[in-house]
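File shown: target11.cif (mmCIF, C-alpha atoms).
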data_work
loop_
_atom_site.label_atom_id
_atom_site.label_comp_id
_atom_site.auth_asym_id
_atom_site.auth_seq_id
_atom_site.Cartn_x
_atom_site.Cartn_y
_atom_site.Cartn_z
CA MET A 1 14.76 14.34 -46.16
CA VAL A 2 13.46 13.26 -42.73
CA ARG A 3 13.25 15.12 -39.47
CA VAL A 4 14.82 13.33 -36.50
CA ARG A 5 13.88 14.25 -32.94
CA PHE A 6 15.69 13.39 -29.70
CA PHE A 7 14.26 13.47 -26.20
CA ALA A 8 15.37 13.44 -22.58
CA SER A 9 18.72 11.68 -22.02
CA ILE A 10 19.28 11.12 -25.76
CA LYS A 11 18.79 14.80 -26.48
CA GLU A 12 21.45 15.59 -23.87
CA LYS A 13 23.87 13.00 -25.26
CA VAL A 14 23.46 14.08 -28.90
CA GLY A 15 23.40 17.72 -27.85
CA LYS A 16 20.48 18.52 -30.14
CA SER A 17 16.71 18.20 -29.90
CA GLU A 18 16.27 17.73 -33.63
CA ILE A 19 18.13 17.43 -36.91
CA GLU A 20 17.30 16.91 -40.56
CA ALA A 21 18.79 14.03 -42.52
CA TYR A 22 18.76 12.92 -46.14
CA ILE A 23 17.74 9.33 -46.73
CA SER A 24 18.88 7.31 -49.69
CA GLY A 25 16.23 5.14 -51.31
CA SER A 26 14.98 2.46 -48.91
CA GLU A 27 16.64 3.08 -45.58
CA THR A 28 15.51 1.65 -42.25
CA VAL A 29 15.35 3.51 -38.93
CA GLY A 30 18.28 1.39 -37.69
CA VAL A 31 20.52 2.24 -40.65
CA LEU A 32 19.71 5.93 -40.31
CA MET A 33 20.60 5.82 -36.59
CA GLY A 34 24.00 4.34 -37.46
CA ARG A 35 24.71 7.12 -39.94
CA ILE A 36 23.59 9.83 -37.48
CA ALA A 37 25.81 8.37 -34.74
CA ASP A 38 28.82 8.52 -37.05
CA GLU A 39 28.03 12.00 -38.31
CA TYR A 40 27.36 13.53 -34.90
CA GLU A 41 30.19 11.61 -33.27
CA VAL A 42 28.23 9.78 -30.61
CA LYS A 43 28.73 6.11 -29.89
CA ARG A 44 26.41 3.85 -31.90
CA GLU A 45 25.07 2.37 -28.61
CA VAL A 46 23.61 5.76 -27.78
CA LEU A 47 21.18 5.58 -30.71
CA ILE A 48 20.96 1.81 -31.17
CA ASN A 49 20.29 -0.34 -28.10
CA ASP A 50 17.60 -2.57 -26.64
CA THR A 51 16.22 -0.02 -24.22
CA LEU A 52 15.32 2.53 -26.92
CA LEU A 53 12.03 2.85 -28.73
CA TYR A 54 11.58 4.49 -32.12
CA ALA A 55 8.60 6.34 -33.52
CA VAL A 56 7.77 7.43 -37.05
CA ASN A 57 5.05 10.03 -37.53
CA HIS A 58 3.96 9.56 -33.89
CA ASN A 59 3.58 5.79 -34.08
CA HIS A 60 5.82 3.25 -32.39
CA VAL A 61 7.95 1.32 -34.95
CA LYS A 62 10.74 -1.24 -34.90
CA SER A 63 14.28 -0.42 -36.07
CA ASP A 64 13.68 -2.26 -39.37
CA TYR A 65 10.91 0.18 -40.34
CA LEU A 66 11.47 1.55 -43.87
CA LEU A 67 11.61 5.33 -43.96
CA LYS A 68 10.24 7.53 -46.69
CA ASP A 69 10.79 11.16 -47.53
CA GLY A 70 9.04 13.58 -45.18
CA ASP A 71 8.84 11.20 -42.22
CA GLU A 72 9.31 12.45 -38.68
CA VAL A 73 11.52 9.99 -36.82
CA ALA A 74 11.95 10.08 -33.04
CA VAL A 75 14.37 8.37 -30.70
CA LEU A 76 12.69 7.61 -27.39
CA PRO A 77 14.83 6.69 -24.38
CA PRO A 78 13.14 4.47 -21.75
CA LEU A 79 9.78 6.07 -20.99
CA SER A 80 9.05 7.18 -17.44
CA GLY A 81 5.69 8.89 -17.44
CA GLY A 82 3.12 8.34 -14.70
CA MET B 7 -30.93 -13.79 29.05
CA VAL B 8 -29.62 -12.70 25.64
CA ARG B 9 -30.65 -9.89 23.33
CA VAL B 10 -31.46 -10.97 19.76
CA ARG B 11 -31.46 -8.45 16.92
CA PHE B 12 -32.96 -8.78 13.45
CA PHE B 13 -32.12 -6.72 10.38
CA ALA B 14 -33.45 -5.88 6.92
CA SER B 15 -35.58 -8.70 5.42
CA ILE B 16 -35.39 -10.84 8.60
CA LYS B 17 -36.68 -7.95 10.68
CA GLU B 18 -39.64 -7.63 8.30
CA LYS B 19 -40.35 -11.37 8.39
CA VAL B 20 -40.13 -11.68 12.19
CA GLY B 21 -41.96 -8.38 12.60
CA LYS B 22 -39.54 -7.19 15.29
CA SER B 23 -36.14 -5.54 15.32
CA GLU B 24 -35.15 -7.10 18.63
CA ILE B 25 -36.31 -9.45 21.36
CA GLU B 26 -34.94 -10.84 24.61
CA ALA B 27 -34.63 -14.57 25.19
CA TYR B 28 -33.69 -16.79 28.13
CA ILE B 29 -31.03 -19.36 27.41
CA SER B 30 -30.73 -22.61 29.29
CA GLY B 31 -27.19 -23.63 30.21
CA SER B 32 -25.08 -24.27 27.12
CA GLU B 33 -27.18 -23.35 24.12
CA THR B 34 -25.86 -22.69 20.62
CA VAL B 35 -26.95 -19.90 18.28
CA GLY B 36 -28.61 -22.53 16.06
CA VAL B 37 -30.65 -24.06 18.88
CA LEU B 38 -31.77 -20.62 20.04
CA MET B 39 -32.87 -19.76 16.48
CA GLY B 40 -35.02 -22.89 16.38
CA ARG B 41 -36.72 -21.94 19.65
CA ILE B 42 -37.32 -18.37 18.50
CA ALA B 43 -38.80 -19.54 15.19
CA ASP B 44 -41.27 -21.75 17.10
CA GLU B 45 -42.13 -19.08 19.64
CA TYR B 46 -42.64 -16.27 17.11
CA GLU B 47 -44.35 -18.55 14.62
CA VAL B 48 -42.04 -18.04 11.69
CA LYS B 49 -40.76 -20.90 9.59
CA ARG B 50 -37.45 -22.35 10.84
CA GLU B 51 -35.91 -21.64 7.36
CA VAL B 52 -36.37 -17.92 8.02
CA LEU B 53 -33.87 -18.01 10.90
CA ILE B 54 -31.82 -21.07 9.93
CA ASN B 55 -30.52 -21.26 6.37
CA ASP B 56 -27.26 -21.20 4.46
CA THR B 57 -27.54 -17.58 3.31
CA LEU B 58 -27.70 -16.16 6.82
CA LEU B 59 -24.81 -14.98 8.95
CA TYR B 60 -24.87 -14.75 12.75
CA ALA B 61 -23.02 -12.39 15.03
CA VAL B 62 -22.46 -12.43 18.77
CA ASN B 63 -21.28 -9.24 20.45
CA HIS B 64 -20.51 -7.73 17.03
CA ASN B 65 -18.33 -10.60 15.84
CA HIS B 66 -19.22 -13.05 13.09
CA VAL B 67 -19.86 -16.55 14.53
CA LYS B 68 -21.08 -19.92 13.25
CA SER B 69 -24.42 -21.42 14.28
CA ASP B 70 -22.67 -23.82 16.70
CA TYR B 71 -21.33 -20.91 18.77
CA LEU B 72 -22.11 -21.42 22.48
CA LEU B 73 -24.06 -18.52 23.98
CA LYS B 74 -23.64 -17.15 27.46
CA ASP B 75 -25.79 -14.87 29.53
CA GLY B 76 -25.70 -11.21 28.44
CA ASP B 77 -24.67 -11.91 24.84
CA GLU B 78 -26.04 -9.80 21.99
CA VAL B 79 -26.97 -12.14 19.15
CA ALA B 80 -27.78 -10.87 15.65
CA VAL B 81 -29.32 -12.53 12.61
CA LEU B 82 -27.83 -11.04 9.44
CA PRO B 83 -29.55 -11.68 6.11
CA PRO B 84 -27.28 -11.61 3.02
CA LEU B 85 -25.20 -8.44 3.25
CA SER B 86 -25.47 -5.87 0.47
CA GLY B 87 -23.37 -2.90 1.47
CA GLY B 88 -21.15 -1.08 -1.00
CA MET C 13 -10.48 13.04 -24.24
CA PRO C 14 -7.14 12.79 -22.44
CA ARG C 15 -5.37 15.92 -21.27
CA LEU C 16 -1.70 16.79 -21.05
CA GLN C 17 -1.38 19.97 -19.03
CA ARG C 18 0.95 22.06 -16.86
CA GLU C 19 -1.77 23.04 -14.37
CA ASN C 20 -2.85 20.88 -11.49
CA PHE C 21 -6.24 19.11 -11.60
CA ASP C 22 -9.03 18.63 -9.06
CA VAL C 23 -9.38 14.87 -8.49
CA GLY C 24 -12.92 14.99 -7.06
CA LYS C 25 -14.21 17.31 -9.77
CA GLU C 26 -12.86 15.08 -12.52
CA ILE C 27 -14.34 11.87 -11.04
CA CYS C 28 -17.67 13.60 -10.44
CA ALA C 29 -17.80 15.06 -13.97
CA LEU C 30 -17.30 11.58 -15.42
CA THR C 31 -19.78 9.72 -13.21
CA SER C 32 -22.52 12.35 -13.50
CA LYS C 33 -22.38 12.15 -17.30
CA ASN C 34 -23.46 8.52 -17.13
CA GLN C 35 -26.39 7.43 -14.96
CA ARG C 36 -25.52 3.76 -15.44
CA THR C 37 -22.32 4.26 -13.45
CA GLY C 38 -22.07 1.96 -10.44
CA ALA C 39 -18.32 2.10 -9.92
CA ALA C 40 -15.55 4.63 -10.47
CA VAL C 41 -11.98 3.46 -9.93
CA SER C 42 -9.24 6.04 -10.01
CA PHE C 43 -5.48 6.00 -9.89
CA LEU C 44 -3.68 9.13 -8.73
CA GLY C 45 0.10 9.32 -9.04
CA VAL C 46 1.84 11.86 -6.82
CA VAL C 47 5.48 12.88 -6.35
CA ARG C 48 7.16 10.84 -3.60
CA ASP C 49 9.74 12.49 -1.36
CA PHE C 50 12.07 9.52 -1.70
CA SER C 51 13.22 7.44 -4.66
CA ARG C 52 16.12 5.02 -5.22
CA GLY C 53 17.56 5.85 -1.83
CA GLU C 54 17.59 9.61 -2.42
CA ASP C 55 15.52 12.49 -1.10
CA ILE C 56 13.57 14.03 -3.96
CA GLU C 57 13.00 17.76 -4.33
CA LYS C 58 11.02 17.84 -7.56
CA LEU C 59 10.43 16.16 -10.90
CA ASP C 60 10.49 17.65 -14.38
CA PHE C 61 8.34 15.95 -17.01
CA GLU C 62 9.24 16.26 -20.70
CA HIS C 63 6.98 14.85 -23.40
CA TYR C 64 6.92 14.44 -27.17
CA PRO C 65 4.30 16.98 -28.25
CA GLY C 66 1.91 15.54 -30.79
CA MET C 67 2.83 11.91 -30.21
CA ALA C 68 2.06 11.92 -26.47
CA GLU C 69 -1.44 13.34 -27.07
CA LYS C 70 -2.10 10.93 -29.92
CA GLN C 71 -0.93 7.88 -27.96
CA LEU C 72 -2.99 8.92 -24.93
CA GLU C 73 -6.09 9.13 -27.15
CA MET C 74 -5.34 5.68 -28.52
CA LEU C 75 -4.92 4.41 -24.96
CA GLU C 76 -8.38 5.65 -23.94
CA THR C 77 -9.90 4.18 -27.10
CA LYS C 78 -8.23 0.80 -26.53
CA ALA C 79 -9.37 0.72 -22.89
CA MET C 80 -12.96 1.27 -24.04
CA GLU C 81 -12.64 -1.58 -26.55
CA LYS C 82 -10.83 -3.97 -24.23
CA PHE C 83 -12.94 -3.55 -21.08
CA ASP C 84 -16.67 -3.30 -20.44
CA ILE C 85 -16.40 0.25 -19.08
CA LEU C 86 -18.71 3.20 -19.68
CA ASP C 87 -16.02 5.86 -19.93
CA CYS C 88 -12.47 6.70 -18.94
CA LEU C 89 -10.16 9.68 -18.58
CA ILE C 90 -6.41 10.25 -18.43
CA ILE C 91 -4.83 13.49 -17.27
CA HIS C 92 -1.02 13.84 -17.11
CA ARG C 93 0.85 16.93 -16.03
CA THR C 94 4.02 18.25 -17.67
CA GLY C 95 6.87 20.46 -16.47
CA VAL C 96 8.13 20.84 -12.93
CA ILE C 97 6.17 19.15 -10.12
CA THR C 98 7.19 19.22 -6.47
CA VAL C 99 6.83 16.63 -3.69
CA ASN C 100 3.28 15.53 -2.83
CA GLU C 101 1.83 17.22 -5.93
CA ASN C 102 -0.34 15.36 -8.46
CA ILE C 103 1.30 13.88 -11.57
CA VAL C 104 -1.31 11.74 -13.25
CA LEU C 105 -4.97 10.82 -12.83
CA ILE C 106 -6.67 7.86 -14.48
CA ILE C 107 -10.37 7.15 -14.03
CA ALA C 108 -12.49 4.25 -15.29
CA ILE C 109 -16.25 4.12 -14.72
CA SER C 110 -18.43 1.04 -15.21
CA MET C 111 -21.63 -0.64 -14.10
CA HIS C 112 -19.75 -3.26 -12.08
CA ARG C 113 -16.55 -2.68 -10.16
CA ARG C 114 -14.31 -5.49 -11.38
CA VAL C 115 -13.82 -4.17 -14.91
CA ALA C 116 -13.18 -0.65 -13.65
CA PHE C 117 -10.29 -1.95 -11.50
CA ARG C 118 -8.89 -3.96 -14.43
CA ALA C 119 -9.21 -1.08 -16.90
CA CYS C 120 -7.70 1.53 -14.56
CA GLU C 121 -4.68 -0.61 -13.73
CA TRP C 122 -4.20 -1.60 -17.38
CA MET C 123 -4.24 2.07 -18.42
CA ILE C 124 -1.58 3.19 -15.95
CA ASN C 125 0.62 0.17 -16.78
CA THR C 126 0.25 0.79 -20.51
CA LEU C 127 0.81 4.53 -20.11
CA LYS C 128 4.14 3.82 -18.45
CA LYS C 129 5.16 1.54 -21.32
CA ASN C 130 3.87 3.44 -24.36
CA ILE C 131 3.41 7.15 -23.79
CA PRO C 132 6.45 9.29 -24.69
CA ILE C 133 6.86 11.12 -21.41
CA TRP C 134 10.12 11.33 -19.46
CA LYS C 135 10.79 12.19 -15.87
CA LYS C 136 13.89 13.91 -14.53
CA GLU C 137 14.42 13.52 -10.81
CA PHE C 138 16.02 16.36 -8.85
CA SER C 139 17.41 14.88 -5.65
CA THR C 140 19.55 16.42 -2.97
CA THR C 141 22.64 14.95 -4.68
CA GLY C 142 21.93 15.63 -8.33
CA LYS C 143 19.54 15.29 -11.23
CA TYR C 144 19.03 12.41 -13.63
CA TRP C 145 16.57 10.96 -16.11
CA VAL C 146 14.64 7.98 -14.78
CA GLU C 147 15.24 5.11 -17.17
CA ASP C 148 13.64 2.03 -15.65
CA HIS C 149 10.13 0.82 -14.81
CA PRO C 150 9.73 0.36 -11.05
CA MET D 9 -10.60 5.62 10.89
CA PRO D 10 -13.58 4.49 8.83
CA ARG D 11 -16.73 6.57 8.74
CA LEU D 12 -20.38 5.57 8.50
CA GLN D 13 -22.39 8.70 7.81
CA ARG D 14 -25.63 10.04 6.35
CA GLU D 15 -23.98 13.06 4.69
CA ASN D 16 -22.30 12.96 1.33
CA PHE D 17 -18.49 13.14 1.12
CA ASP D 18 -16.08 15.06 -1.10
CA VAL D 19 -14.01 12.48 -2.99
CA GLY D 20 -11.15 14.80 -3.93
CA LYS D 21 -10.88 16.25 -0.43
CA GLU D 22 -10.70 12.78 1.13
CA ILE D 23 -8.01 11.52 -1.29
CA CYS D 24 -6.01 14.73 -0.84
CA ALA D 25 -6.25 14.60 2.95
CA LEU D 26 -4.86 11.07 2.93
CA THR D 27 -2.01 11.62 0.44
CA SER D 28 -0.88 14.92 1.97
CA LYS D 29 -0.53 13.26 5.39
CA ASN D 30 2.15 10.97 3.98
CA GLN D 31 5.01 12.33 1.86
CA ARG D 32 6.06 8.83 0.87
CA THR D 33 2.83 8.43 -1.13
CA GLY D 34 3.43 7.63 -4.78
CA ALA D 35 0.03 6.13 -5.60
CA ALA D 36 -3.54 6.60 -4.42
CA VAL D 37 -6.13 4.15 -5.72
CA SER D 38 -9.76 4.84 -4.95
CA PHE D 39 -13.03 3.04 -5.45
CA LEU D 40 -16.20 5.10 -5.53
CA GLY D 41 -19.55 3.30 -5.55
CA VAL D 42 -22.53 5.31 -6.83
CA VAL D 43 -26.23 4.53 -7.25
CA ARG D 44 -26.99 3.15 -10.72
CA ASP D 45 -30.27 4.06 -12.42
CA PHE D 46 -30.81 0.45 -13.44
CA SER D 47 -30.50 -2.87 -11.61
CA ARG D 48 -31.79 -6.40 -12.28
CA GLY D 49 -33.81 -5.16 -15.24
CA GLU D 50 -35.58 -2.42 -13.29
CA ASP D 51 -35.30 1.36 -13.22
CA ILE D 52 -34.06 2.43 -9.82
CA GLU D 53 -35.33 5.53 -8.03
CA LYS D 54 -33.32 5.35 -4.82
CA LEU D 55 -31.65 3.04 -2.31
CA ASP D 56 -32.06 2.88 1.45
CA PHE D 57 -29.11 1.59 3.46
CA GLU D 58 -29.65 -0.01 6.86
CA HIS D 59 -26.74 -1.05 9.05
CA TYR D 60 -26.11 -2.77 12.37
CA PRO D 61 -24.95 0.09 14.59
CA GLY D 62 -21.93 -0.85 16.63
CA MET D 63 -21.05 -3.94 14.64
CA ALA D 64 -20.75 -2.17 11.28
CA GLU D 65 -18.34 0.43 12.70
CA LYS D 66 -16.30 -2.23 14.50
CA GLN D 67 -16.05 -4.48 11.44
CA LEU D 68 -15.06 -1.51 9.25
CA GLU D 69 -12.25 -0.69 11.67
CA MET D 70 -11.10 -4.30 11.57
CA LEU D 71 -11.22 -4.16 7.77
CA GLU D 72 -8.89 -1.14 7.65
CA THR D 73 -6.55 -2.77 10.16
CA LYS D 74 -6.44 -6.02 8.20
CA ALA D 75 -5.78 -4.17 4.94
CA MET D 76 -2.80 -2.43 6.56
CA GLU D 77 -1.44 -5.78 7.77
CA LYS D 78 -2.10 -7.68 4.55
CA PHE D 79 -0.79 -5.14 2.02
CA ASP D 80 2.27 -2.90 1.90
CA ILE D 81 0.20 0.29 1.95
CA LEU D 82 0.85 3.52 3.85
CA ASP D 83 -2.75 4.23 4.81
CA CYS D 84 -6.36 3.55 3.84
CA LEU D 85 -9.83 4.94 4.41
CA ILE D 86 -13.38 3.63 4.11
CA ILE D 87 -16.46 5.88 4.10
CA HIS D 88 -19.94 4.37 3.69
CA ARG D 89 -23.17 6.34 3.66
CA THR D 90 -26.39 5.23 5.36
CA GLY D 91 -30.04 6.06 4.81
CA VAL D 92 -31.71 7.10 1.55
CA ILE D 93 -29.46 7.75 -1.47
CA THR D 94 -30.75 8.69 -4.91
CA VAL D 95 -29.48 7.87 -8.41
CA ASN D 96 -25.94 9.03 -9.25
CA GLU D 97 -25.18 9.89 -5.64
CA ASN D 98 -22.14 8.53 -3.78
CA ILE D 99 -22.54 5.39 -1.64
CA VAL D 100 -19.08 4.31 -0.63
CA LEU D 101 -15.49 5.50 -0.99
CA ILE D 102 -12.41 3.36 -0.41
CA ILE D 103 -8.90 4.75 -0.72
CA ALA D 104 -5.53 3.01 -0.43
CA ILE D 105 -2.25 4.91 -0.62
CA SER D 106 1.18 3.36 -1.11
CA MET D 107 4.66 3.99 -2.44
CA HIS D 108 4.07 1.77 -5.48
CA ARG D 109 0.83 1.42 -7.35
CA ARG D 110 0.34 -2.35 -7.50
CA VAL D 111 -0.35 -2.88 -3.81
CA ALA D 112 -2.74 0.08 -3.73
CA PHE D 113 -4.85 -1.54 -6.47
CA ARG D 114 -4.80 -4.91 -4.68
CA ALA D 115 -5.65 -3.40 -1.28
CA CYS D 116 -8.46 -1.19 -2.60
CA GLU D 117 -10.15 -4.03 -4.49
CA TRP D 118 -9.72 -6.41 -1.55
CA MET D 119 -11.34 -3.89 0.80
CA ILE D 120 -14.45 -3.34 -1.31
CA ASN D 121 -14.83 -7.10 -1.92
CA THR D 122 -14.44 -7.85 1.78
CA LEU D 123 -16.75 -5.00 2.78
CA LYS D 124 -19.49 -6.55 0.64
CA LYS D 125 -18.99 -9.93 2.33
CA ASN D 126 -18.46 -8.94 5.97
CA ILE D 127 -19.90 -5.57 6.89
CA PRO D 128 -23.49 -5.67 8.22
CA ILE D 129 -25.05 -3.19 5.83
CA TRP D 130 -28.19 -3.86 3.79
CA LYS D 131 -29.55 -2.14 0.74
CA LYS D 132 -33.21 -1.78 -0.15
CA GLU D 133 -33.87 -0.94 -3.79
CA PHE D 134 -36.82 1.27 -4.68
CA SER D 135 -37.63 0.62 -8.33
CA THR D 136 -40.53 1.82 -10.45
CA THR D 137 -42.32 -1.47 -9.73
CA GLY D 138 -41.67 -1.97 -6.01
CA LYS D 139 -39.11 -2.18 -3.27
CA TYR D 140 -37.05 -5.10 -2.07
CA TRP D 141 -33.97 -6.01 -0.08
CA VAL D 142 -31.00 -6.92 -2.24
CA GLU D 143 -29.87 -10.39 -1.19
CA ASP D 144 -27.16 -11.46 -3.58
CA HIS D 145 -23.61 -10.41 -4.45
CA PRO D 146 -23.37 -9.17 -8.04
#

Show this structure as structure tokens.
Amino acid sequence: MVRVRFFASIKEKVGKSEIEAYISGSETVGVLMGRIADEYEVKREVLINDTLLYAVNHNHVKSDYLLKDGDEVAVLPPLSGG
Amino acid sequence: MVRVRFFASIKEKVGKSEIEAYISGSETVGVLMGRIADEYEVKREVLINDTLLYAVNHNHVKSDYLLKDGDEVAVLPPLSGG
Amino acid sequence: MPRLQRENFDVGKEICALTSKNQRTGAAVSFLGVVRDFSRGEDIEKLDFEHYPGMAEKQLEMLETKAMEKFDILDCLIIHRTGVITVNENIVLIIAISMHRRVAFRACEWMINTLKKNIPIWKKEFSTTGKYWVEDHP
Amino acid sequence: MPRLQRENFDVGKEICALTSKNQRTGAAVSFLGVVRDFSRGEDIEKLDFEHYPGMAEKQLEMLETKAMEKFDILDCLIIHRTGVITVNENIVLIIAISMHRRVAFRACEWMINTLKKNIPIWKKEFSTTGKYWVEDHP
């Protein structure tokens, strides 16, 4: 089980700020995003595109990062602090 | 007649903060400095060297600047504001 | 230690607190970001800043640590506000202090550039015609 | 308008005064120079700043004008203190405000660099071993 958090525009598109998801064996962030898109009926491009960043346990990761049980995953739309 | 002002280390070396000097026809800042050095018995290098800047009427000038009557000339040792 | 806070900050007090802690300080360079009244051709009324609690704080700490490693500075500080901020109000303050000025300029500019790229903070603009998340790096 | 003054200045107040005059301001970059306790291998007690009255003010005004012409900034301000200044006290403050941060960094750094080269101000260092005019550009 992993916790998945959405922020800003992604949160509005998915309609949730966080969900929980089961992961099967060795699953990457990218694969998980595909499954979530299907399950929550949002287009895959919403959760998988070049402008997004991903984080696992508060660290930036790439979409091929291998998840493990208990991870906190986050989908970060283009940052605009400052 | 021109007014000549000295600052910081130059003022201490010449022993004066300002003097008045007659100028003859078309005289440059450099030529005037040579005459002042002789008259006030300081080495020519004190008033003529590559680290100095000159100003006439509050504008930076080169040593070949032609003086005219009533000018205010200044000898500026290396600046160290800020 | 960086700060992420709703309240405003006092720019002079923060710079002074940093410089007076270190007698070697010769230069303090600061960047202050404030809300512009105009953006992308629209009149702005206010901004609303959302952040990722936990990650934003952690990444800001890492940013200060990296700045100290990367540049010959004596200290640095980042303060970023969250929530609703209106026109002409402070958003972010970044200070770098050093013995000589050049590195303080480099460090301060590097920190604000890196903050914009790495820190999970998002800005919603409320203009006279609507509201939208800002999703580019001007 | 630049200022050459004996009194100290309030950094936050000066930055705030400048940014609040212009609602287009997105960025304010400031450089604050303070007296270091250590210079050229000697412990410093205080500095004494002499200037060329008339010329210093005029050249500072020209410096602000040139910065406005050279960079896409909204406004700028230079304040330099004169007379005796002790360790950790403020010497000089330079502020540049702009819509976007990059030009404010460039303008602020250019102004302090140019001030050091062009403005007739001289600094005498009083160290534990003696006093001397500073005659180089570190």

Open item on the list: Calculated over only C-alpha atoms, which of the candidates A:Val61, A:Asp71, A:Ile23, A:Val14 has the smallest distance to Glu41 (chain A)?
Closed with: A:Val14

- [ ] Name the residues in contact with Gly40 (chain B) at a cut-off of 12 Å, using only C-alpha atoms, excluding same-chain residues fewer than 5 positions from it; report them as JSON, numbers by chain.
- [x] {"B": [33, 34, 35, 45, 46, 47, 48, 49, 50, 51, 52, 53, 54, 55, 69]}

- [ ] Name the closest residue to Leu123 (chain D) among the candidates D:Asp144, D:Glu22, D:Glu50, D:Glu72; distances are taken between atoms, counting all atoms listed in the file.
- [x] D:Glu72

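Residues matched by the PyMOL selection byres ((chain A) within 8 of (chain C)) in this file: Phe7, Ala8, Ser9, Asn57, His58, Asn59, Leu76, Pro77, Pro78, Leu79, Ser80, Gly81 and Gly82 of chain A.
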
Which residues of chain C sit at most 7 Å from chain D, using only C-alpha atoms? Give each one's shortest atom pair and distance in Å (one decimal place), in chain and ascending residue order, as a tab-separated table.
residue	atom	partner	partner_atom	distance
C:Asp22	CA	D:Gly20	CA	6.7
C:Val23	CA	D:Gly20	CA	4.9
C:Gly24	CA	D:Gly20	CA	3.6
C:Ser32	CA	D:Asn96	CA	6.4
C:Gln35	CA	D:Asp45	CA	5.7
C:Arg36	CA	D:Arg44	CA	5.0
C:Thr37	CA	D:Arg44	CA	5.5
C:Gly38	CA	D:Val42	CA	4.9
C:Ala39	CA	D:Gly41	CA	4.7
C:Ala40	CA	D:Leu40	CA	5.0
C:Val41	CA	D:Phe39	CA	4.6
C:Ser42	CA	D:Ser38	CA	5.2
C:Phe43	CA	D:Val37	CA	4.6
C:Leu44	CA	D:Ala36	CA	5.0
C:Gly45	CA	D:Ala35	CA	4.7
C:Val46	CA	D:Gly34	CA	5.0
C:Val47	CA	D:Gly34	CA	5.9
C:Arg48	CA	D:Arg32	CA	5.0
C:Asp49	CA	D:Arg32	CA	5.6
C:Phe50	CA	D:Arg32	CA	6.6
C:Asn100	CA	D:Gln31	CA	5.9

Open item on the list: To test your reading of the syntax: which residues would the PyMOL selection byres ((chain A and resi 22) around 8) return for the file shown? Reply as a count of residues only.
Closed with: 6

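Ranking D:Ala25, D:Leu12, D:Val111, D:Met119 by their shortest atom-to-atom distance to Leu82 (chain D), with all atoms listed in the file included, puts D:Val111 first.
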
Task: Å distance separating CA of Leu85 (chain D) from CA of Asn16 (chain D), one decimal place - done: 15.1 Å

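For the pair CA of Arg11 (chain B) and CA of Glu69 (chain D), the interatomic distance is 21.4 Å.
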
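When the PyMOL selection byres ((chain C and resi 59) around 7) is evaluated against the file, it yields Lys58, Asp60, Phe61, Val96, Ile97, Thr98, Lys135, Lys136, Glu137 and Phe138 of chain C.
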
Task: Separation of CA of Met39 (chain B) from CA of Asp56 (chain B) in Å - done: 13.3 Å

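With all atoms listed in the file as the atoms that count, the minimum distance from Glu81 (chain C) to the choices C:Arg52, C:Phe21, C:Ala119, C:Leu30 is reached by C:Ala119.
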
Listed atoms of region 10-27 of chain B boxed axis-aligned with 3 Å per side, centre + edges as JSON:
{"center_x": -36.7, "center_y": -10.1, "center_z": 15.3, "size_x": 16.5, "size_y": 15.0, "size_z": 25.8}
